[in-house]
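Below is the file final.csv, which contains CSV, C-alpha atoms and all ligand atoms.
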chain,number,residue,atom,x,y,z
S,596,MET,CA,8.5,52.9,-70.3
S,597,GLN,CA,7.0,49.4,-70.1
S,598,ILE,CA,3.8,50.4,-68.3
S,599,PHE,CA,3.0,53.0,-70.9
S,600,LYS,CA,3.6,50.6,-73.8
S,601,LYS,CA,1.2,48.1,-72.2
S,602,ILE,CA,-1.6,50.6,-72.0
S,603,THR,CA,-1.0,51.8,-75.5
S,604,GLU,CA,-1.1,48.2,-76.8
S,605,GLY,CA,-4.1,47.5,-74.6
S,606,LEU,CA,-6.1,50.5,-75.8
S,607,ARG,CA,-5.2,50.0,-79.4
S,608,LYS,CA,-8.7,49.0,-80.5
S,609,THR,CA,-10.2,52.1,-78.8
S,610,SER,CA,-7.6,54.5,-80.1
S,611,LYS,CA,-7.6,53.1,-83.6
S,612,ASN,CA,-11.4,53.4,-83.7
S,613,PHE,CA,-11.1,56.9,-82.4
S,614,GLU,CA,-8.4,58.0,-84.7
S,615,SER,CA,-10.0,56.7,-87.9
S,616,GLY,CA,-13.3,58.2,-86.8
S,617,LEU,CA,-11.7,61.6,-86.4
S,618,ASP,CA,-9.8,61.3,-89.7
S,619,ASN,CA,-13.1,60.5,-91.5
S,620,ILE,CA,-14.7,63.6,-90.1
S,621,PHE,CA,-11.9,66.0,-90.6
S,622,ASN,CA,-10.5,64.8,-93.9
S,623,LYS,CA,-13.4,65.9,-95.9
S,624,SER,CA,-14.1,69.5,-96.6
S,625,LYS,CA,-17.6,70.3,-95.2
S,626,PRO,CA,-19.3,73.1,-93.4
S,627,SER,CA,-18.5,73.6,-89.7
S,628,GLU,CA,-22.1,72.8,-88.7
S,629,GLU,CA,-21.8,69.4,-90.4
S,630,ILE,CA,-18.4,68.7,-88.8
S,631,LEU,CA,-19.8,69.5,-85.3
S,632,GLN,CA,-22.8,67.2,-85.9
S,633,ASP,CA,-20.6,64.4,-87.1
S,634,LEU,CA,-18.3,64.9,-84.1
S,635,GLU,CA,-21.3,64.7,-81.8
S,636,ASP,CA,-22.6,61.5,-83.3
S,637,PHE,CA,-19.2,59.9,-83.4
S,638,MET,CA,-18.4,60.7,-79.7
S,639,ILE,CA,-21.7,59.2,-78.6
S,640,SER,CA,-21.2,56.1,-80.7
S,641,SER,CA,-17.7,55.8,-79.1
S,642,ASP,CA,-19.4,55.5,-75.6
S,643,ILE,CA,-18.2,58.8,-74.4
S,644,GLY,CA,-21.7,59.5,-73.3
S,645,ILE,CA,-24.2,62.2,-74.2
S,646,ALA,CA,-23.6,64.6,-71.3
S,647,LEU,CA,-19.9,64.7,-71.9
S,648,THR,CA,-20.2,64.9,-75.6
S,649,GLU,CA,-22.4,67.9,-75.3
S,650,LYS,CA,-20.0,69.6,-73.0
S,651,ILE,CA,-17.1,69.0,-75.4
S,652,ILE,CA,-19.1,70.3,-78.4
S,653,ALA,CA,-20.2,73.4,-76.4
S,654,ASN,CA,-16.5,74.0,-75.6
S,655,VAL,CA,-15.6,73.7,-79.3
S,656,LYS,CA,-18.4,76.1,-80.2
S,657,ASN,CA,-17.2,78.6,-77.6
S,658,GLN,CA,-13.8,78.8,-79.2
S,659,LYS,CA,-15.4,80.3,-82.3
S,660,PHE,CA,-13.0,78.6,-84.6
S,661,SER,CA,-12.7,79.7,-88.2
S,662,ASP,CA,-13.3,76.9,-90.8
S,663,GLU,CA,-9.6,76.4,-91.0
S,664,GLU,CA,-9.1,76.3,-87.2
S,665,LEU,CA,-11.8,73.6,-86.8
S,666,ASN,CA,-9.4,70.8,-87.4
S,667,LYS,CA,-8.3,67.6,-85.8
S,668,ASN,CA,-5.4,69.0,-83.8
S,669,ASN,CA,-7.5,71.8,-82.2
S,670,PHE,CA,-10.3,69.4,-81.5
S,671,ILE,CA,-7.9,66.9,-79.8
S,672,LYS,CA,-6.5,69.7,-77.7
S,673,ILE,CA,-9.9,70.5,-76.3
S,674,LEU,CA,-10.8,66.9,-75.9
S,675,LYS,CA,-7.6,66.3,-74.0
S,676,GLY,CA,-8.3,69.1,-71.6
S,677,GLU,CA,-11.9,67.8,-70.9
S,678,MET,CA,-10.6,64.3,-70.5
S,679,LEU,CA,-8.0,65.4,-68.1
S,680,SER,CA,-10.4,67.5,-66.0
S,681,ILE,CA,-12.6,64.4,-65.6
S,682,LEU,CA,-10.0,61.7,-65.2
S,683,LYS,CA,-7.2,63.4,-63.2
S,684,PRO,CA,-9.3,63.6,-60.0
S,685,ALA,CA,-10.1,59.9,-60.4
S,686,GLU,CA,-6.5,58.8,-60.0
S,687,SER,CA,-6.1,57.0,-56.7
S,688,ASN,CA,-3.4,54.6,-55.7
S,689,ILE,CA,-4.6,52.5,-52.9
S,690,PHE,CA,-2.1,49.7,-53.4
S,691,ASN,CA,0.9,51.2,-51.8
S,692,HIS,CA,2.2,49.5,-48.7
S,693,GLN,CA,-0.1,50.2,-45.7
S,694,ASN,CA,0.7,49.7,-42.0
S,695,SER,CA,-2.9,49.1,-40.9
S,696,LEU,CA,-4.9,46.3,-42.3
S,697,GLN,CA,-6.8,47.2,-45.4
S,698,THR,CA,-9.7,44.9,-46.3
S,699,ILE,CA,-10.8,45.1,-49.9
S,700,LEU,CA,-14.1,43.6,-50.9
S,701,VAL,CA,-14.4,42.9,-54.6
S,702,CYS,CA,-17.8,42.8,-56.3
S,703,GLY,CA,-19.4,42.9,-59.7
S,704,VAL,CA,-21.6,41.0,-62.1
S,705,ASN,CA,-20.6,37.6,-63.6
S,706,GLY,CA,-17.4,37.4,-65.5
S,707,THR,CA,-16.2,40.9,-65.3
S,708,GLY,CA,-12.7,39.8,-64.3
S,709,LYS,CA,-12.9,40.0,-60.5
S,710,THR,CA,-10.9,36.9,-59.7
S,711,THR,CA,-8.3,37.6,-62.4
S,712,THR,CA,-7.9,41.1,-61.2
S,713,ILE,CA,-7.4,40.0,-57.6
S,714,GLY,CA,-4.7,37.6,-58.9
S,715,LYS,CA,-2.9,40.4,-60.7
S,716,LEU,CA,-3.3,42.7,-57.7
S,717,CYS,CA,-1.6,40.1,-55.5
S,718,LYS,CA,1.5,40.6,-57.6
S,719,ILE,CA,1.4,44.3,-57.3
S,720,LEU,CA,0.9,44.2,-53.5
S,721,LYS,CA,3.6,41.5,-53.1
S,722,ASN,CA,6.0,43.8,-55.0
S,723,ASN,CA,5.2,46.5,-52.5
S,724,ASN,CA,6.3,44.2,-49.7
S,725,SER,CA,2.8,43.9,-48.3
S,726,LYS,CA,1.6,40.8,-46.4
S,727,VAL,CA,-1.5,39.7,-48.3
S,728,ILE,CA,-4.2,37.2,-47.6
S,729,VAL,CA,-7.1,36.4,-50.0
S,730,GLY,CA,-10.5,35.1,-49.0
S,731,ALA,CA,-12.1,32.7,-51.5
S,732,ALA,CA,-15.6,33.9,-50.8
S,733,ASP,CA,-16.9,32.8,-54.2
S,734,THR,CA,-18.0,29.5,-52.9
S,735,PHE,CA,-20.6,29.1,-55.6
S,736,ARG,CA,-18.5,26.9,-57.8
S,737,ALA,CA,-15.5,24.6,-57.0
S,738,ALA,CA,-13.7,26.0,-60.1
S,739,ALA,CA,-13.9,29.5,-58.7
S,740,ILE,CA,-12.0,28.4,-55.5
S,741,GLU,CA,-9.4,26.6,-57.6
S,742,GLN,CA,-9.0,29.6,-59.9
S,743,ILE,CA,-8.1,32.0,-57.1
S,744,GLU,CA,-6.0,29.3,-55.4
S,745,ASN,CA,-3.9,29.1,-58.6
S,746,TRP,CA,-3.3,32.8,-58.7
S,747,CYS,CA,-2.3,32.8,-55.0
S,748,LYS,CA,0.1,29.9,-55.5
S,749,LYS,CA,1.7,31.7,-58.4
S,750,ASN,CA,2.5,34.7,-56.2
S,751,ASN,CA,3.0,32.8,-53.0
S,752,ILE,CA,0.0,34.5,-51.3
S,753,ASP,CA,-1.9,33.1,-48.4
S,754,ILE,CA,-5.5,32.0,-49.0
S,755,GLU,CA,-8.5,31.2,-46.7
S,756,LYS,CA,-11.1,28.9,-48.3
S,757,SER,CA,-13.9,26.6,-47.5
S,758,ASN,CA,-15.9,23.9,-49.3
S,759,PRO,CA,-17.9,24.7,-52.4
S,760,GLY,CA,-21.4,25.7,-51.3
S,761,SER,CA,-20.4,26.9,-47.9
S,762,ASP,CA,-21.4,30.4,-46.6
S,763,PRO,CA,-19.3,33.1,-48.3
S,764,ALA,CA,-19.8,35.4,-45.3
S,765,SER,CA,-18.2,32.9,-43.1
S,766,VAL,CA,-15.2,32.6,-45.4
S,767,ALA,CA,-14.9,36.4,-45.4
S,768,PHE,CA,-15.1,36.4,-41.5
S,769,LYS,CA,-12.4,33.8,-41.1
S,770,THR,CA,-10.1,35.6,-43.6
S,771,ILE,CA,-10.3,38.9,-42.0
S,772,GLU,CA,-9.9,37.4,-38.5
S,773,LYS,CA,-6.8,35.7,-39.6
S,774,ALA,CA,-5.5,38.9,-41.2
S,775,LYS,CA,-6.2,40.9,-38.1
S,776,ASN,CA,-4.5,38.4,-35.8
S,777,ASN,CA,-1.4,38.0,-37.9
S,778,ASN,CA,-0.5,41.5,-38.9
S,779,TYR,CA,-1.4,41.3,-42.6
S,780,ASN,CA,-1.4,44.6,-44.6
S,781,PHE,CA,-4.1,43.6,-47.1
S,782,CYS,CA,-7.0,41.2,-46.9
S,783,ILE,CA,-8.8,40.8,-50.3
S,784,ILE,CA,-12.1,39.1,-50.6
S,785,ASP,CA,-13.2,37.6,-53.9
S,786,THR,CA,-16.9,37.2,-54.3
S,787,ALA,CA,-19.2,35.5,-56.8
S,788,GLY,CA,-20.6,37.3,-59.8
S,789,ARG,CA,-24.1,38.6,-59.0
S,790,LEU,CA,-26.8,40.3,-61.0
S,791,HIS,CA,-29.1,42.8,-59.4
S,792,ASN,CA,-32.2,40.8,-60.2
S,793,LYS,CA,-31.0,37.9,-58.1
S,794,LYS,CA,-32.4,39.2,-54.9
S,795,ASN,CA,-30.9,36.5,-52.7
S,796,LEU,CA,-27.4,37.0,-54.1
S,797,MET,CA,-27.6,40.7,-53.5
S,798,GLU,CA,-28.7,40.0,-49.9
S,799,GLU,CA,-25.8,37.6,-49.6
S,800,PHE,CA,-23.5,40.4,-50.5
S,801,SER,CA,-25.0,42.7,-47.8
S,802,LYS,CA,-24.5,39.9,-45.3
S,803,ILE,CA,-20.8,39.6,-46.2
S,804,ILE,CA,-20.3,43.3,-45.4
S,805,ARG,CA,-22.2,42.9,-42.1
S,806,VAL,CA,-20.2,39.9,-41.0
S,807,ILE,CA,-16.9,41.6,-42.0
S,808,LYS,CA,-17.8,44.5,-39.7
S,809,LYS,CA,-18.1,42.1,-36.8
S,810,VAL,CA,-14.4,41.5,-36.9
S,811,ASP,CA,-13.4,45.1,-37.8
S,812,GLN,CA,-15.8,48.0,-37.6
S,813,GLN,CA,-13.8,50.0,-40.1
S,814,ALA,CA,-13.7,47.2,-42.7
S,815,PRO,CA,-14.1,46.8,-45.6
S,816,GLN,CA,-11.9,49.9,-46.1
S,817,LYS,CA,-12.6,49.6,-49.8
S,818,ILE,CA,-15.4,48.0,-51.8
S,819,ILE,CA,-14.3,47.8,-55.4
S,820,ILE,CA,-16.6,47.1,-58.3
S,821,VAL,CA,-15.0,45.4,-61.2
S,822,LEU,CA,-16.4,46.5,-64.6
S,823,ASP,CA,-15.9,44.9,-68.0
S,824,ALA,CA,-15.2,47.7,-70.6
S,825,THR,CA,-16.7,45.5,-73.4
S,826,THR,CA,-20.1,45.8,-71.8
S,827,GLY,CA,-20.1,49.6,-72.6
S,828,GLN,CA,-22.9,51.6,-71.1
S,829,ASN,CA,-24.3,48.7,-69.2
S,830,ALA,CA,-21.5,49.2,-66.7
S,831,LEU,CA,-23.4,52.3,-65.5
S,832,ASN,CA,-26.4,50.2,-64.5
S,833,GLN,CA,-24.1,47.8,-62.6
S,834,ILE,CA,-22.7,50.7,-60.5
S,835,GLU,CA,-26.2,51.9,-59.9
S,836,GLU,CA,-27.4,48.5,-58.7
S,837,PHE,CA,-24.4,47.8,-56.4
S,838,ASN,CA,-24.6,51.3,-55.0
S,839,LYS,CA,-28.1,50.5,-53.7
S,840,ILE,CA,-26.8,47.9,-51.4
S,841,CYS,CA,-23.3,49.3,-50.4
S,842,GLU,CA,-21.2,52.3,-50.7
S,843,LEU,CA,-18.8,51.6,-53.6
S,844,SER,CA,-15.3,53.1,-53.0
S,845,GLY,CA,-14.2,53.0,-56.6
S,846,ILE,CA,-13.8,51.0,-59.8
S,847,ILE,CA,-11.4,48.8,-61.6
S,848,MET,CA,-12.2,48.5,-65.3
S,849,THR,CA,-11.0,45.4,-67.1
S,850,LYS,CA,-10.8,44.2,-70.7
S,851,LEU,CA,-9.9,47.7,-72.1
S,852,ASP,CA,-7.8,45.7,-74.5
S,853,GLY,CA,-10.8,43.9,-75.9
S,854,THR,CA,-13.0,46.8,-77.0
S,855,ALA,CA,-13.1,49.8,-79.2
S,856,LYS,CA,-15.3,51.5,-76.6
S,857,GLY,CA,-12.9,52.4,-73.8
S,858,GLY,CA,-14.6,55.8,-73.8
S,859,VAL,CA,-17.1,54.4,-71.3
S,860,LEU,CA,-14.5,55.0,-68.6
S,861,LEU,CA,-15.1,58.7,-69.2
S,862,THR,CA,-18.8,58.5,-69.0
S,863,ILE,CA,-18.6,56.6,-65.7
S,864,THR,CA,-16.2,58.9,-64.1
S,865,GLU,CA,-18.1,62.0,-65.2
S,866,LYS,CA,-21.3,60.6,-63.9
S,867,TYR,CA,-20.3,58.9,-60.6
S,868,LYS,CA,-17.1,60.7,-59.7
S,869,LEU,CA,-15.7,57.4,-58.4
S,870,PRO,CA,-12.0,56.8,-58.1
S,871,ILE,CA,-10.5,54.5,-60.7
S,872,PHE,CA,-8.1,52.3,-58.8
S,873,ALA,CA,-6.7,50.3,-61.7
S,874,ILE,CA,-7.3,49.2,-65.3
S,875,GLY,CA,-7.0,45.8,-66.9
S,876,VAL,CA,-5.4,45.6,-70.3
S,877,GLY,CA,-5.0,41.9,-70.8
S,878,GLU,CA,-5.2,38.4,-69.3
S,879,GLN,CA,-1.6,38.1,-68.0
S,880,GLU,CA,-0.4,38.8,-64.5
S,881,ASP,CA,1.3,42.1,-65.5
S,882,ASP,CA,-1.8,43.4,-67.3
S,883,LEU,CA,-3.2,45.4,-64.4
S,884,GLN,CA,-2.0,49.0,-64.0
S,885,PRO,CA,-2.8,51.5,-61.2
S,886,PHE,CA,-4.7,54.2,-63.0
S,887,ASN,CA,-2.8,57.1,-64.4
S,888,ALA,CA,-4.9,59.7,-66.2
S,889,ASP,CA,-2.2,61.2,-68.4
S,890,ASN,CA,-1.0,57.8,-69.7
S,891,PHE,CA,-4.6,56.7,-70.3
S,892,ILE,CA,-5.4,59.8,-72.3
S,893,GLU,CA,-2.2,59.6,-74.3
S,894,ALA,CA,-2.9,56.0,-75.2
S,895,PHE,CA,-6.6,56.7,-75.9
S,896,LEU,CA,-5.7,59.5,-78.3
S,897,ASN,CA,-3.0,57.5,-79.9
S,898,ASN,CA,-0.4,60.2,-79.4
S,899,GLY,CA,1.8,58.0,-77.4
S,900,THR,CA,5.4,57.4,-78.4
S,901,ASP,CA,7.3,54.5,-77.0
S,902,LYS,CA,8.6,56.0,-73.8
N,1001,LIG,N1,-8.6,40.5,-72.4
N,1001,LIG,C1,-8.8,40.6,-71.1
N,1001,LIG,N2,-9.4,39.6,-70.4
N,1001,LIG,C2,-9.6,39.7,-69.1
N,1001,LIG,C3,-9.2,40.8,-68.4
N,1001,LIG,N3,-9.5,40.6,-67.1
N,1001,LIG,C4,-10.1,39.4,-67.0
N,1001,LIG,N4,-10.1,38.8,-68.2
N,1001,LIG,C5,-10.7,37.5,-68.6
N,1001,LIG,O1,-12.1,37.5,-68.3
N,1001,LIG,C6,-12.5,36.2,-68.0
N,1001,LIG,C7,-13.3,36.2,-66.7
N,1001,LIG,O2,-12.4,36.5,-65.7
N,1001,LIG,P1,-12.7,36.1,-64.2
N,1001,LIG,O3,-11.6,36.7,-63.4
N,1001,LIG,O4,-12.9,34.7,-64.0
N,1001,LIG,O5,-14.0,36.9,-63.9
N,1001,LIG,P2,-14.9,36.9,-62.6
N,1001,LIG,O6,-15.6,38.3,-62.5
N,1001,LIG,O7,-14.2,36.5,-61.5
N,1001,LIG,O8,-16.1,35.9,-63.0
N,1001,LIG,P3,-17.2,35.2,-62.0
N,1001,LIG,O9,-16.5,34.9,-60.7
N,1001,LIG,O10,-17.6,34.0,-62.7
N,1001,LIG,O11,-18.2,36.3,-61.9
N,1001,LIG,C8,-11.3,35.4,-68.0
N,1001,LIG,O12,-11.1,34.7,-69.2
N,1001,LIG,C9,-10.1,36.4,-67.8
N,1001,LIG,O13,-8.9,35.9,-68.3
N,1001,LIG,C10,-8.5,41.9,-69.1
N,1001,LIG,O14,-8.2,43.0,-68.6
N,1001,LIG,N5,-8.4,41.7,-70.4
N,1002,MG,MG,-14.6,35.0,-60.1

The structure given in the file should be rewritten as C-alpha cells.
Amino acid sequence: MQIFKKITEGLRKTSKNFESGLDNIFNKSKPSEEILQDLEDFMISSDIGIALTEKIIANVKNQKFSDEELNKNNFIKILKGEMLSILKPAESNIFNHQNSLQTILVCGVNGTGKTTTIGKLCKILKNNNSKVIVGAADTFRAAAIEQIENWCKKNNIDIEKSNPGSDPASVAFKTIEKAKNNNYNFCIIDTAGRLHNKKNLMEEFSKIIRVIKKVDQQAPQKIIIVLDATTGQNALNQIEEFNKICELSGIIMTKLDGTAKGGVLLTITEKYKLPIFAIGVGEQEDDLQPFNADNFIEAFLNNGTDK
C-alpha cells in the first residue's frame, strides 16, 4: 500500500535510531537492572518523554520477566501496546467531505510547515470532492501570499487574498464570507508564524478568531496547530502558548521524515490528549497523510513490510 510505504520511508530516521538503540541494549548480556536503566535512558533520549518512559518501564517490571524473557521482542510487544493505547484515541479524520461549511484556522510558530501543509491538504480535500477556499491571511510577507497562491493554482483551489501588510483578520473575514455565501465545504485560513513572546502577534491571532465569529458564530470549527517534529520537546511549549489564547482542536505534525525524534508525537499526545489530524512526511504534495495509529506504530518500530 502506497500510503504505508510513504510513512515507513518518512519515519526511517526515527525507526533506524530506535532499532539500533534497542539492538545496542539487548545485544549485550547484562543484568536486568542494567537493561532497564539503559532502556529508560534511551527512551528519554528518543523524545518519548519522561512520564511515558516511566509508565513503559513500570509495565515491563510488572511482567516479572526472567533474564531470558527480557528481550527485544517482548519489550517491543509492551511498547506497541502502550503506543497504541495513547495514539489510537488520537486518530481523527476531519478531512472527509462535509455538507456544512468547515472553517479551519491554521496556526503555529515560524516555519513549522503551515502553508505547505495547507497546500497538501487542498489536494486531499479536492480528491474528496469538496469545494475549498483558502484565505491568505499571512499578509506579513509578499512571498507568503505567493507561496499559498502557487499551491492553490496547482490544485485549482480558490483563494482570497489582499495586499502585503493588510489586516489578516480582514482577509479571514472576506474568505469565510465568500465561503458561506457560495456553498463551500471547507474554508482554510493560513496565518503567519508567531512566537508567544511577540505579544502583538498573539493578539492579532485572537482578533482573527473574533472577526471570523462575526460571520459564523460556530467558526472556526477547527483550530489546528502545525508542529515541526524536528523541534522535539519544544513543540510542547508551543501547544502550551497557543492554548492560552485559543482552544486548539488538534495538531498536524510535519517533518517526521527529517528527524530521529518522531517519538515526540507520543509525548504530546500523552500529555495533551489532542487529536492528530495528519502527519507530514516530506515536502511534496502527496506527503501529508491523515493520521493512522497502527501505520505510524508499525513504521516507527520498523516492523513494516511493503504492503
Ligand atoms: N521534510 C519536510 N519538510 C517540510 C514538511 N512540511 C513542510 N516542510 C518544509 O518546511 C519549510 C517551511 O514550510 P512552510 O510551509 O513555509 O512553513 P510555514 O509554517 O508556513 O512558515 P511561516 O509562514 O514562515 O511561519 C518548507 O521548506 C517546506 O517545504 C515535511 O513534512 N517534511
Ligand atoms: Mg506560511

Please provide as a PDB file with C-alpha atoms, keeping the file's coordinate frame all residues within 8 Å of Ile743 (chain S), with the sequence filter that same-chain residues fewer than 3 positions apart are discarded (counting all atoms listed in the file).
ATOM      1  CA  THR S 710     -10.900  36.900 -59.700  1.00  0.00           C
ATOM      2  CA  THR S 711      -8.300  37.600 -62.400  1.00  0.00           C
ATOM      3  CA  GLY S 714      -4.700  37.600 -58.900  1.00  0.00           C
ATOM      4  CA  ALA S 731     -12.100  32.700 -51.500  1.00  0.00           C
ATOM      5  CA  ALA S 739     -13.900  29.500 -58.700  1.00  0.00           C
ATOM      6  CA  ILE S 740     -12.000  28.400 -55.500  1.00  0.00           C
ATOM      7  CA  TRP S 746      -3.300  32.800 -58.700  1.00  0.00           C
ATOM      8  CA  CYS S 747      -2.300  32.800 -55.000  1.00  0.00           C
TER       9      CYS S 747
END

Residues at most 7 Å from region 657-669 of chain S, counting only C-alpha atoms, excluding those fewer than 6 positions away in the same chain, as a PyMOL selection string? chain S and resi 617+621+627

Set out as JSON lines a contact list for region 618-673 of chain S and region 816-836 of chain S with a cut-off of 10 Å, giving each residue of region 618-673 of chain S that qualifies its closest atom pair and distance in Å to one decimal, counting only C-alpha atoms, ordered by chain and rising residue number.
{"residue": "S:Ser641", "atom": "CA", "partner": "S:Gly827", "partner_atom": "CA", "distance": 9.3}
{"residue": "S:Asp642", "atom": "CA", "partner": "S:Gly827", "partner_atom": "CA", "distance": 6.7}
{"residue": "S:Ile643", "atom": "CA", "partner": "S:Gln828", "partner_atom": "CA", "distance": 9.2}
{"residue": "S:Gly644", "atom": "CA", "partner": "S:Gln828", "partner_atom": "CA", "distance": 8.3}

Mind running region 723-746 of chain S against region 686-707 of chain S at 10 Å and telling me each contacting residue's nearest atom pair with the distance in Å (one decimal), counting all atoms listed in the file, chain and number ascending, as a tab-separated table?
residue	atom	partner	partner_atom	distance
S:Asn723	CA	S:His692	CA	5.7
S:Asn724	CA	S:His692	CA	6.8
S:Ser725	CA	S:His692	CA	5.6
S:Lys726	CA	S:His692	CA	9.0
S:Val727	CA	S:Leu696	CA	9.5
S:Ile728	CA	S:Thr698	CA	9.6
S:Val729	CA	S:Ile699	CA	9.5
S:Gly730	CA	S:Leu700	CA	9.4
S:Ala732	CA	S:Leu700	CA	9.8

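If you look at CA of Asp633 (chain S) and CA of Lys611 (chain S), they are 17.6 Å away from each other.
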
Using only C-alpha atoms and all ligand atoms, which protein or nucleic acid residues are at most 7 Å from ligand LIG 1001 (chain N), as a list of chain:residue names? S:Gly703, S:Val704, S:Asn705, S:Gly706, S:Thr707, S:Gly708, S:Lys709, S:Thr710, S:Thr711, S:Thr712, S:Asp733, S:Ala739, S:Thr786, S:Ala787, S:Gly788, S:Arg789, S:Thr849, S:Lys850, S:Leu851, S:Asp852, S:Gly853, S:Gly875, S:Val876, S:Gly877, S:Glu878, S:Asp882, S:Leu883

| task | Pick out the residues sitting within 10 Å of Glu772 (chain S), and hand them over as number ranges by chain; count all atoms listed in the file, and ignore anything fewer than 2 positions along from it in its own chain. | result | S: 766-770, 774-777, 782, 807, 809-811

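Neighbouring residues of Gly845 (chain S) at 6 Å or closer, counting only C-alpha atoms and skipping chain neighbours under 4 positions away, are S:Ile819, S:Leu869, S:Pro870, S:Ile871.
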
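The residue that comes closest to ligand MG 1002 (chain N), out of S:Ala737, S:Leu796, S:Ile645, S:Leu634 and on the basis of only C-alpha atoms and all ligand atoms, is S:Ala737.
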
query = Got a sec: who's within 12 Å of Glu635 (chain S), counting only C-alpha atoms, leaving out chain neighbours fewer than 6 positions off, as a ChimeraX atom specification?
reply = /S:616-617,620,628-629,641-653,655-656,670

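Between CA of Pro759 (chain S) and CA of Phe735 (chain S) the interatomic distance comes to 6.1 Å.
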
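If you look at CA of Ser844 (chain S) and CA of Pro815 (chain S), they are 9.8 Å away from each other.
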
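Each of S:Ile784, S:Lys839, S:Phe637, S:Glu755 was compared to Asp618 (chain S) using only C-alpha atoms, and S:Phe637 turns out to be the nearest.
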
Of S:Lys793, S:Lys721, S:Lys773, S:Lys623, the one nearest to Lys749 (chain S) when counting all atoms listed in the file is S:Lys721

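Of the listed residues (S:Asn750, S:Thr734, S:Ser761, S:Thr862), S:Thr734 comes nearest to ligand MG 1002 (chain N); the distances count only C-alpha atoms and all ligand atoms.
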
Counting only C-alpha atoms, which residues sit no farther than 8 Å from the position (-15.1, 48.6, -79.3) in the file's frame? I'd like them as a PDB file with C-alpha atoms, keeping the file's coordinate frame.
ATOM      1  CA  LYS S 608      -8.700  49.000 -80.500  1.00  0.00           C
ATOM      2  CA  THR S 609     -10.200  52.100 -78.800  1.00  0.00           C
ATOM      3  CA  ASN S 612     -11.400  53.400 -83.700  1.00  0.00           C
ATOM      4  CA  SER S 641     -17.700  55.800 -79.100  1.00  0.00           C
ATOM      5  CA  THR S 825     -16.700  45.500 -73.400  1.00  0.00           C
ATOM      6  CA  GLY S 853     -10.800  43.900 -75.900  1.00  0.00           C
ATOM      7  CA  THR S 854     -13.000  46.800 -77.000  1.00  0.00           C
ATOM      8  CA  ALA S 855     -13.100  49.800 -79.200  1.00  0.00           C
ATOM      9  CA  LYS S 856     -15.300  51.500 -76.600  1.00  0.00           C
ATOM     10  CA  GLY S 857     -12.900  52.400 -73.800  1.00  0.00           C
TER      11      GLY S 857
END

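Using all atoms listed in the file, the shortest contact distance between ligand MG 1002 (chain N) and any of S:Asn654, S:Thr603, S:Gln597, S:Gln742 is found at S:Gln742.
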
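Using only C-alpha atoms for every distance, the candidate list S:Ala738, S:Ile846, S:Leu682, S:Leu790 yields S:Ala738 as the residue closest to Gly760 (chain S).
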